[in-house]
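Listing of run.txt; format and content: compact mmCIF, C-alpha atoms.
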# COMPACT_ATOMS: atom_id res chain seq x y z
CA MET Q 22 -115.64 -37.05 17.97
CA THR Q 23 -115.46 -34.72 14.96
CA ASP Q 24 -114.92 -35.21 11.25
CA GLY Q 25 -111.84 -33.76 9.61
CA PRO Q 26 -112.01 -31.77 6.37
CA ASN Q 27 -111.51 -34.92 4.28
CA GLY Q 28 -114.11 -36.89 6.18
CA SER Q 29 -111.66 -38.81 8.37
CA GLU Q 30 -112.51 -39.17 12.05
CA ARG Q 31 -110.24 -37.49 14.53
CA VAL Q 32 -110.43 -36.32 18.12
CA PRO Q 33 -108.90 -32.94 19.00
CA SER Q 34 -107.19 -32.72 22.38
CA ARG Q 35 -110.02 -30.42 23.47
CA ASP Q 36 -113.11 -28.83 21.98
CA ARG Q 37 -112.48 -25.80 19.79
CA ARG Q 38 -114.88 -23.48 18.07
CA ARG Q 39 -115.11 -23.89 14.29
CA PHE Q 40 -115.62 -21.08 11.76
CA PRO Q 41 -117.53 -22.39 8.72
CA GLY Q 42 -117.00 -20.34 5.56
CA ILE Q 43 -114.78 -17.79 7.31
CA SER Q 44 -113.11 -15.25 5.04
CA SER Q 45 -109.47 -14.39 5.60
CA ARG Q 46 -110.70 -10.78 5.87
CA ALA Q 47 -111.95 -11.68 9.35
CA TYR Q 48 -108.45 -11.94 10.78
CA GLU Q 49 -106.29 -9.97 8.36
CA HIS Q 50 -104.44 -7.05 9.91
CA PRO Q 51 -105.50 -3.74 8.28
CA ALA Q 52 -101.87 -3.01 7.49
CA ASP Q 53 -101.69 -6.34 5.63
CA ARG Q 54 -104.48 -5.24 3.30
CA SER Q 55 -102.93 -1.81 2.87
CA ALA Q 56 -99.53 -3.30 2.04
CA LEU Q 57 -101.14 -5.61 -0.53
CA VAL Q 58 -102.76 -2.63 -2.23
CA ALA Q 59 -99.41 -0.83 -2.29
CA LEU Q 60 -97.65 -3.97 -3.51
CA ARG Q 61 -99.97 -4.35 -6.48
CA LYS Q 62 -99.38 -0.70 -7.37
CA LEU Q 63 -95.62 -1.16 -7.59
CA SER Q 64 -94.50 -0.06 -11.02
CA GLY Q 65 -94.02 -3.10 -13.24
CA PHE Q 66 -95.14 -5.58 -10.58
CA ASP Q 67 -97.89 -7.13 -12.73
CA THR Q 68 -95.44 -7.64 -15.57
CA VAL Q 69 -92.87 -9.21 -13.28
CA PHE Q 70 -95.51 -11.42 -11.65
CA LYS Q 71 -96.74 -12.78 -15.01
CA ALA Q 72 -93.20 -13.49 -16.10
CA LEU Q 73 -92.29 -15.20 -12.85
CA SER Q 74 -95.39 -17.40 -12.94
CA GLY Q 75 -93.72 -19.37 -15.70
CA LEU Q 76 -90.16 -19.12 -14.37
CA LEU Q 77 -90.47 -19.90 -10.67
CA PRO Q 78 -89.08 -23.35 -9.86
CA GLU Q 79 -92.19 -24.39 -7.94
CA ARG Q 80 -92.12 -27.93 -9.33
CA SER Q 81 -88.47 -28.13 -8.34
CA LEU Q 82 -89.30 -27.02 -4.78
CA ARG Q 83 -91.97 -29.68 -4.46
CA LEU Q 84 -89.61 -32.38 -5.72
CA MET Q 85 -86.90 -31.18 -3.35
CA TYR Q 86 -89.13 -31.44 -0.29
CA LEU Q 87 -90.54 -34.75 -1.48
CA SER Q 88 -87.07 -36.21 -1.92
CA ASP Q 89 -85.19 -34.68 1.00
CA SER Q 90 -87.77 -34.02 3.75
CA VAL Q 91 -90.38 -36.05 5.62
CA ARG Q 92 -93.97 -35.65 4.44
CA VAL Q 93 -96.42 -35.42 7.31
CA SER Q 94 -99.10 -38.11 7.21
CA ASP Q 95 -100.90 -40.65 9.36
CA GLN Q 96 -97.70 -42.72 9.27
CA GLN Q 97 -95.13 -39.93 9.69
CA PHE Q 98 -95.37 -37.20 12.35
CA ALA Q 99 -98.96 -38.29 12.94
CA HIS Q 100 -99.48 -35.74 15.72
CA LEU Q 101 -98.59 -32.92 13.30
CA ASN Q 102 -100.94 -34.41 10.73
CA ASP Q 103 -103.76 -34.30 13.29
CA MET Q 104 -102.99 -30.65 14.01
CA LEU Q 105 -102.96 -29.82 10.30
CA ARG Q 106 -106.33 -31.46 9.69
CA ASP Q 107 -107.75 -29.84 12.79
CA ALA Q 108 -106.54 -26.39 11.68
CA CYS Q 109 -108.05 -26.84 8.21
CA TYR Q 110 -111.29 -28.03 9.81
CA ILE Q 111 -111.50 -25.02 12.14
CA LEU Q 112 -110.78 -22.47 9.38
CA ASP Q 113 -112.86 -24.47 6.89
CA LEU Q 114 -110.04 -24.88 4.38
CA GLU Q 115 -111.41 -27.62 2.13
CA LYS Q 116 -108.14 -28.88 0.65
CA VAL Q 117 -105.51 -29.83 3.21
CA PRO Q 118 -102.11 -28.58 1.95
CA PRO Q 119 -99.17 -31.00 2.06
CA MET Q 120 -96.83 -30.43 4.99
CA TYR Q 121 -93.17 -31.44 5.32
CA VAL Q 122 -90.64 -31.57 8.15
CA ASN Q 123 -87.18 -30.48 7.01
CA GLN Q 124 -83.92 -31.14 8.87
CA ASP Q 125 -82.77 -27.70 10.00
CA PRO Q 126 -81.78 -26.70 13.55
CA GLN Q 127 -83.06 -23.15 12.97
CA PRO Q 128 -86.69 -22.90 14.24
CA ASN Q 129 -88.77 -21.85 11.25
CA ALA Q 130 -91.97 -22.53 9.30
CA MET Q 131 -93.20 -21.30 5.94
CA CYS Q 132 -96.02 -21.62 3.46
CA ILE Q 133 -94.98 -21.36 -0.19
CA GLY Q 134 -96.34 -22.20 -3.64
CA LEU Q 135 -97.93 -20.46 -6.62
CA ASP Q 136 -100.51 -23.04 -7.68
CA GLU Q 137 -100.96 -24.94 -4.41
CA PRO Q 138 -99.54 -24.00 -1.00
CA VAL Q 139 -96.99 -26.25 0.71
CA ILE Q 140 -96.22 -25.96 4.44
CA VAL Q 141 -92.70 -26.64 5.69
CA LEU Q 142 -91.65 -26.98 9.35
CA THR Q 143 -88.05 -27.30 10.46
CA THR Q 144 -86.92 -29.89 12.99
CA GLY Q 145 -85.63 -27.03 15.14
CA LEU Q 146 -89.20 -25.75 15.47
CA VAL Q 147 -90.74 -29.19 16.03
CA GLU Q 148 -88.29 -29.89 18.84
CA LEU Q 149 -88.72 -26.46 20.42
CA LEU Q 150 -92.50 -26.21 20.83
CA ASP Q 151 -95.00 -28.21 22.87
CA GLU Q 152 -98.30 -29.46 21.40
CA GLU Q 153 -100.42 -26.34 21.99
CA GLU Q 154 -97.64 -24.00 20.88
CA MET Q 155 -97.17 -26.04 17.72
CA ARG Q 156 -100.92 -26.04 17.10
CA ALA Q 157 -100.82 -22.23 16.95
CA VAL Q 158 -97.92 -22.38 14.47
CA VAL Q 159 -99.72 -24.85 12.21
CA GLY Q 160 -102.80 -22.60 12.37
CA HIS Q 161 -100.54 -19.67 11.49
CA GLU Q 162 -99.37 -21.44 8.31
CA VAL Q 163 -102.91 -22.54 7.38
CA GLY Q 164 -103.91 -18.88 7.78
CA HIS Q 165 -101.22 -17.97 5.24
CA ALA Q 166 -102.69 -20.56 2.87
CA LEU Q 167 -106.25 -19.29 3.31
CA SER Q 168 -105.16 -15.68 2.72
CA GLY Q 169 -103.19 -16.55 -0.41
CA HIS Q 170 -99.95 -15.31 1.11
CA ALA Q 171 -98.01 -18.31 -0.21
CA VAL Q 172 -97.87 -16.81 -3.71
CA TYR Q 173 -96.08 -13.67 -2.60
CA ARG Q 174 -93.81 -15.57 -0.21
CA THR Q 175 -92.65 -17.73 -3.14
CA ILE Q 176 -91.95 -14.67 -5.28
CA LEU Q 177 -90.07 -13.06 -2.39
CA LEU Q 178 -87.80 -16.10 -2.02
CA PHE Q 179 -87.14 -16.21 -5.75
CA LEU Q 180 -86.42 -12.49 -6.08
CA THR Q 181 -84.14 -12.43 -3.03
CA ASN Q 182 -82.04 -15.21 -4.55
CA LEU Q 183 -82.12 -13.48 -7.95
CA ALA Q 184 -80.94 -10.20 -6.41
CA LEU Q 185 -77.88 -11.99 -5.01
CA LYS Q 186 -77.06 -13.45 -8.43
CA VAL Q 187 -77.31 -10.13 -10.30
CA ALA Q 188 -75.73 -7.97 -7.61
CA TRP Q 189 -72.96 -7.11 -10.06
CA ILE Q 190 -75.50 -5.38 -12.36
CA PRO Q 191 -76.11 -2.00 -10.64
CA LEU Q 192 -79.44 -0.97 -12.18
CA GLY Q 193 -80.80 -4.51 -12.37
CA ASN Q 194 -80.07 -5.12 -8.71
CA VAL Q 195 -81.66 -1.79 -7.67
CA ALA Q 196 -84.86 -2.60 -9.57
CA ILE Q 197 -85.18 -6.07 -8.04
CA MET Q 198 -84.36 -4.86 -4.53
CA ALA Q 199 -87.10 -2.20 -4.80
CA ILE Q 200 -89.63 -4.98 -5.36
CA VAL Q 201 -88.04 -7.14 -2.65
CA THR Q 202 -88.33 -4.26 -0.16
CA GLY Q 203 -92.03 -3.86 -1.00
CA LEU Q 204 -92.57 -7.60 -0.64
CA ARG Q 205 -90.81 -7.68 2.71
CA GLU Q 206 -92.93 -4.82 4.03
CA TRP Q 207 -96.09 -6.64 2.97
CA PHE Q 208 -94.87 -9.96 4.35
CA ARG Q 209 -94.08 -8.49 7.75
CA LYS Q 210 -97.69 -7.30 7.93
CA SER Q 211 -99.00 -10.64 6.68
CA GLU Q 212 -97.24 -12.33 9.61
CA LEU Q 213 -99.44 -10.35 12.00
CA SER Q 214 -102.50 -11.64 10.14
CA ALA Q 215 -101.26 -15.22 10.31
CA ASP Q 216 -100.57 -14.88 14.05
CA ARG Q 217 -104.26 -14.07 14.44
CA ALA Q 218 -105.21 -17.13 12.39
CA GLY Q 219 -102.99 -19.22 14.67
CA LEU Q 220 -104.90 -17.90 17.69
CA LEU Q 221 -108.24 -18.73 16.05
CA VAL Q 222 -107.02 -22.29 15.50
CA GLY Q 223 -105.29 -22.87 18.85
CA GLN Q 224 -107.74 -20.73 20.87
CA ASP Q 225 -105.11 -20.50 23.59
CA LEU Q 226 -103.48 -17.07 23.90
CA GLN Q 227 -100.96 -18.24 26.49
CA ALA Q 228 -99.73 -20.98 24.13
CA SER Q 229 -99.30 -18.41 21.35
CA MET Q 230 -97.35 -16.15 23.74
CA ARG Q 231 -95.15 -19.04 24.89
CA GLY Q 232 -94.36 -19.98 21.31
CA LEU Q 233 -93.25 -16.44 20.46
CA MET Q 234 -91.14 -16.25 23.62
CA LYS Q 235 -89.42 -19.51 22.70
CA LEU Q 236 -88.64 -18.17 19.23
CA ALA Q 237 -86.91 -15.25 20.95
CA GLY Q 238 -85.24 -16.98 23.90
CA GLY Q 239 -85.21 -20.72 23.24
CA ASN Q 240 -86.60 -23.55 25.32
CA HIS Q 241 -86.13 -21.86 28.70
CA LEU Q 242 -89.68 -21.04 29.77
CA HIS Q 243 -88.73 -21.39 33.45
CA GLU Q 244 -86.42 -18.41 32.90
CA MET Q 245 -88.98 -16.24 31.06
CA ASN Q 246 -92.13 -14.31 31.93
CA VAL Q 247 -94.91 -13.25 29.53
CA ASP Q 248 -95.57 -9.89 31.22
CA SER Q 249 -91.89 -9.00 31.22
CA PHE Q 250 -91.62 -10.10 27.58
CA LEU Q 251 -94.51 -7.81 26.62
CA ALA Q 252 -92.92 -4.99 28.63
CA GLN Q 253 -89.95 -5.26 26.28
CA ALA Q 254 -92.24 -4.41 23.36
CA GLU Q 255 -93.49 -1.35 25.24
CA GLU Q 256 -89.93 -0.24 25.99
CA TYR Q 257 -88.90 -0.88 22.38
CA GLU Q 258 -91.69 1.36 21.06
CA ARG Q 259 -91.36 4.29 23.41
CA GLY Q 260 -87.63 4.22 24.19
CA GLY Q 261 -84.79 6.30 22.82
CA ASP Q 262 -84.77 9.40 20.66
CA LEU Q 263 -85.08 10.14 16.93
CA ARG Q 264 -81.80 8.34 16.25
CA ASP Q 265 -83.27 5.16 17.74
CA SER Q 266 -86.41 5.60 15.63
CA VAL Q 267 -84.29 5.66 12.48
CA LEU Q 268 -82.29 2.64 13.65
CA LYS Q 269 -85.53 0.72 14.23
CA ILE Q 270 -86.51 1.34 10.61
CA LEU Q 271 -83.09 0.29 9.33
CA ASN Q 272 -83.08 -2.82 11.51
CA VAL Q 273 -86.47 -4.04 10.31
CA LEU Q 274 -86.02 -3.37 6.57
CA PRO Q 275 -84.08 -6.57 5.74
CA ARG Q 276 -86.38 -8.78 7.84
CA SER Q 277 -89.25 -10.89 6.52
CA HIS Q 278 -90.88 -11.06 9.98
CA PRO Q 279 -91.68 -8.39 12.56
CA PHE Q 280 -89.69 -8.51 15.80
CA THR Q 281 -90.97 -11.18 18.17
CA THR Q 282 -91.90 -8.90 21.07
CA VAL Q 283 -93.85 -6.69 18.65
CA ARG Q 284 -95.76 -9.73 17.33
CA ALA Q 285 -96.63 -10.77 20.88
CA ALA Q 286 -97.89 -7.30 21.80
CA GLU Q 287 -99.95 -7.01 18.60
CA LEU Q 288 -101.53 -10.44 19.11
CA LYS Q 289 -102.40 -9.75 22.76
CA LYS Q 290 -104.02 -6.46 21.74
CA TRP Q 291 -106.11 -8.19 19.05
CA ALA Q 292 -107.12 -11.01 21.41
CA ALA Q 293 -108.67 -8.40 23.72
CA SER Q 294 -110.44 -6.58 20.88
CA ARG Q 295 -114.11 -6.57 19.98
CA ASP Q 296 -113.21 -7.89 16.50
CA HIS Q 297 -111.79 -11.09 18.00
CA GLN Q 298 -114.73 -11.45 20.36
CA ARG Q 299 -117.21 -11.17 17.47
CA ILE Q 300 -115.40 -13.88 15.52
CA MET Q 301 -115.51 -16.19 18.54
CA GLU Q 302 -119.24 -15.50 18.80
CA GLY Q 303 -119.72 -16.56 15.19
CA HIS Q 304 -120.05 -13.10 13.63
CA TYR Q 305 -117.45 -12.75 10.88
CA PRO Q 306 -117.12 -12.03 7.12
CA ARG Q 307 -117.85 -15.05 4.91
CA ARG Q 308 -115.90 -16.22 1.89
CA GLU Q 309 -119.02 -16.03 -0.24
CA GLU Q 310 -119.08 -12.27 0.37
CA ASP Q 311 -115.48 -11.67 -0.75
CA LYS Q 312 -116.47 -10.83 -4.32
CA ASP Q 313 -118.66 -7.98 -3.07
CA THR Q 314 -116.01 -6.43 -0.86
CA SER Q 315 -115.22 -2.81 -1.65
CA VAL Q 316 -111.53 -2.20 -2.30
CA SER Q 317 -111.92 1.48 -1.43
CA ASP Q 318 -113.55 0.64 1.91
CA SER Q 319 -110.70 -1.74 2.75
CA PHE Q 320 -108.18 0.94 1.85
CA LYS Q 321 -110.00 3.52 4.00
CA GLU Q 322 -109.96 1.09 6.93
CA SER Q 323 -106.24 0.54 6.45
CA ALA Q 324 -105.59 4.27 6.20
CA SER Q 325 -107.59 4.80 9.39
CA HIS Q 326 -105.51 2.12 11.11
CA TYR Q 327 -102.27 3.83 10.11
CA ALA Q 328 -103.62 7.18 11.33
CA ASP Q 329 -104.55 5.62 14.67
CA SER Q 330 -101.11 4.00 14.88
CA VAL Q 331 -99.39 7.36 14.44
CA ARG Q 332 -101.79 9.03 16.86
CA ASN Q 333 -101.29 6.44 19.60
CA SER Q 334 -97.64 5.54 19.00
CA LYS Q 335 -95.09 6.31 21.70
CA ASP Q 336 -92.21 6.22 19.25
CA PRO Q 337 -90.25 9.54 19.22
CA LEU Q 338 -90.41 9.82 15.41
CA MET Q 339 -94.19 9.34 15.42
CA GLY Q 340 -94.40 11.98 18.15
CA LEU Q 341 -92.52 14.39 15.90
CA VAL Q 342 -94.92 13.60 13.04
CA ARG Q 343 -97.87 14.40 15.33
CA ASP Q 344 -96.25 17.63 16.48
CA ILE Q 345 -95.56 18.74 12.92
CA ALA Q 346 -99.10 17.87 11.86
CA GLY Q 347 -100.52 19.64 14.90
CA GLY Q 348 -98.27 22.64 14.30
CA ALA Q 349 -99.41 22.83 10.70
CA GLY Q 350 -103.01 22.76 11.89
CA ASP Q 351 -102.35 25.48 14.46
CA LEU Q 352 -100.56 27.59 11.86
CA GLY Q 353 -103.47 27.18 9.46
CA GLY Q 354 -105.88 28.27 12.18
CA LYS Q 355 -103.80 31.33 13.05
CA LEU Q 356 -103.58 32.35 9.41
CA ARG Q 357 -107.33 31.96 9.03
CA ASP Q 358 -107.99 34.03 12.14
CA THR Q 359 -105.53 36.71 11.02
CA VAL Q 360 -107.07 37.03 7.57
CA PHE Q 361 -110.75 36.63 8.40
CA GLY Q 362 -110.91 37.48 12.08
CA SER Q 363 -111.20 35.14 15.04
CA GLY Q 364 -114.54 33.40 15.34
CA ARG Q 365 -115.91 34.95 12.13
CA ALA Q 366 -116.99 33.11 9.01
CA ARG Q 367 -115.30 33.96 5.74
CA PRO Q 368 -117.49 36.46 3.82
CA ALA Q 369 -119.18 35.13 0.71
CA GLN Q 370 -118.61 38.25 -1.40
CA GLU Q 371 -116.36 41.25 -1.50
CA GLY Q 372 -117.46 44.49 -3.16
CA PRO Q 373 -115.23 46.94 -5.00
CA GLU Q 374 -114.62 48.81 -1.75
CA GLY Q 375 -113.55 45.69 0.11
CA PRO Q 376 -115.46 43.40 2.50
CA SER Q 377 -119.03 44.41 3.13
CA GLY Q 378 -120.30 45.09 6.63
CA SER Q 379 -118.79 46.97 9.51
CA GLY Q 380 -115.44 46.18 10.94
CA GLU Q 381 -114.57 45.68 14.53

Written as structure tokens, that's how I'd like the structure from this file.
Amino acid sequence: MTDGPNGSERVPSRDRRRFPGISSRAYEHPADRSALVALRKLSGFDTVFKALSGLLPERSLRLMYLSDSVRVSDQQFAHLNDMLRDACYILDLEKVPPMYVNQDPQPNAMCIGLDEPVIVLTTGLVELLDEEEMRAVVGHEVGHALSGHAVYRTILLFLTNLALKVAWIPLGNVAIMAIVTGLREWFRKSELSADRAGLLVGQDLQASMRGLMKLAGGNHLHEMNVDSFLAQAEEYERGGDLRDSVLKILNVLPRSHPFTTVRAAELKKWAASRDHQRIMEGHYPRREEDKDTSVSDSFKESASHYADSVRNSKDPLMGLVRDIAGGAGDLGGKLRDTVFGSGRARPAQEGPEGPSGSGE
């Protein structure tokens, strides 16, 4: 028997490891941090953010869900309420965010809100997933709340709607869509972070994989196979030519989430990593250390991740980037050898008669 985050007694379906004081940095994808840095450097973003803080209809959203959705509690969707409290307990999120179930056949979940996060699950998702799969999803949304992703998700929703309303104003629409594109790029990366949080909460990789497969292929697990599903991600990355690489970029630009097979492959890779193992052993960054975190170190880690991604990618476009970079390096080496001689150090001084010392 364990105590929930608000002191209420509850019994999880099985024992799970808890992570007291865990910082969201423990599970955040390096690309998530890098995208956040880039997002905050967007020209005019701070100005827009301050303006939107007073304009966003957050109160209206809360009233809408309160009036036209079902709020999860001990009396309504009690099993989801248990999962929510359990997720907050495991990730040590002191204040349990309100959660609603909204009538919508499309399987979806989101965490929104500027002042306080609100979690929304659709009936399509609730009906699609089993208990352990849903536990990973609830953990995913609690991970968004702990990371502070809800703020940017709310702004993204608002700006996307605003862009549609001002589409007739050419320059105004272009400016808003530039910010929307940056937000979408960040949010796609933040989804990878939240997937990791869902795994930390559910602590069942197979359940996380099943949930992602169901999002892609529906409630037909008897017709699907995890290994074959992951093989699709491998084929997606390495397949085709440069035209396919460009199409991949164009296909993903309007999306707020990465493709499902890609999410599954990324999560499986992280589950097998030393970083995940250390967290499960109780070695992870603490929230109390967040204020001392070096922004430059985080950026260097993110840059290193991107470099490794290019180096190890099987995508044809990334292969071309490597070839060009390698060719530039080879060209630089040949120029150096031509000018200074192969295997010889560049002379420190040159006299009026030219380089000192004997030639070859």

Fill in: Residues near region 36-53 of chain Q, cut-off 6 Å, only C-alpha atoms, skip fewer than 2 positions along chain, as a list in words
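After dropping sequence-adjacent residues, the list is Ser55, Ala56, Ile111, Leu112, Asp113, Ser168, Lys210, Ser211, Ser214, Arg217, Tyr305, Pro306, Arg307, Arg308 and Ser323 of chain Q.
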
Give, as AutoDock Vina command-line options, the centre coordinates and the x, y and z edge lengths in Å to one decimal for an axis-aligned box around all listed atoms of region 126-141 of chain Q, padded by 6 Å on each side.
--center_x -91.4 --center_y -23.6 --center_z 3.3 --size_x 31.2 --size_y 18.2 --size_z 33.9

Shortest contact to Phe98 (chain Q), candidates Q:Leu142, Q:Asn129, Q:Gln253, Q:Leu82, atoms counted all atoms listed in the file, goes to Q:Leu142

With distances taken over all atoms listed in the file, the candidate from Q:Ser229, Q:Thr143, Q:Gln97, Q:Ser90 nearest Met155 (chain Q) is Q:Ser229

Please provide the set of residues having any atom within 10 Å of Gly239 (chain Q), restricted to only C-alpha atoms, with same-chain residues fewer than 6 positions apart removed, written as a PyMOL selection string. chain Q and resi 128+149-150+232-233+245

As a check of understanding: the span from CA of Ala99 (chain Q) to CA of Ile133 (chain Q) is 21.8 Å

Set the distance at 12 Å and use all atoms listed in the file: which residues neighbour His243 (chain Q) once local chain neighbours fewer than 6 positions away are removed? I'd like the list as a PyMOL selection string. chain Q and resi 231+234-235

Please rebuild region 90-103 of chain Q with N, CA and C atoms and return the result as a compact mmCIF listing (two decimals), in the frame of the given file.
# COMPACT_ATOMS: atom_id res chain seq x y z
N SER Q 90 -87.10 -34.36 2.50
CA SER Q 90 -87.77 -34.02 3.75
C SER Q 90 -88.76 -35.13 4.07
N VAL Q 91 -89.40 -35.04 5.22
CA VAL Q 91 -90.38 -36.05 5.62
C VAL Q 91 -91.79 -35.47 5.47
N ARG Q 92 -92.61 -36.13 4.64
CA ARG Q 92 -93.97 -35.65 4.44
C ARG Q 92 -94.85 -36.10 5.60
N VAL Q 93 -95.54 -35.15 6.18
CA VAL Q 93 -96.42 -35.42 7.31
C VAL Q 93 -97.64 -36.21 6.84
N SER Q 94 -97.97 -37.26 7.58
CA SER Q 94 -99.10 -38.11 7.21
C SER Q 94 -99.55 -38.88 8.44
N ASP Q 95 -100.47 -39.81 8.25
CA ASP Q 95 -100.90 -40.65 9.36
C ASP Q 95 -99.77 -41.58 9.83
N GLN Q 96 -98.80 -41.83 8.93
CA GLN Q 96 -97.70 -42.72 9.27
C GLN Q 96 -96.44 -41.97 9.71
N GLN Q 97 -96.33 -40.70 9.36
CA GLN Q 97 -95.13 -39.93 9.69
C GLN Q 97 -95.55 -38.62 10.37
N PHE Q 98 -94.98 -38.37 11.56
CA PHE Q 98 -95.37 -37.20 12.35
C PHE Q 98 -96.90 -37.10 12.45
N ALA Q 99 -97.49 -38.21 12.90
CA ALA Q 99 -98.96 -38.29 12.94
C ALA Q 99 -99.58 -37.19 13.79
N HIS Q 100 -98.90 -36.78 14.87
CA HIS Q 100 -99.48 -35.74 15.72
C HIS Q 100 -99.54 -34.40 14.99
N LEU Q 101 -98.55 -34.14 14.10
CA LEU Q 101 -98.59 -32.92 13.30
C LEU Q 101 -99.68 -33.01 12.24
N ASN Q 102 -99.88 -34.21 11.72
CA ASN Q 102 -100.94 -34.41 10.73
C ASN Q 102 -102.31 -34.14 11.35
N ASP Q 103 -102.49 -34.58 12.59
CA ASP Q 103 -103.76 -34.30 13.29
C ASP Q 103 -103.96 -32.79 13.47
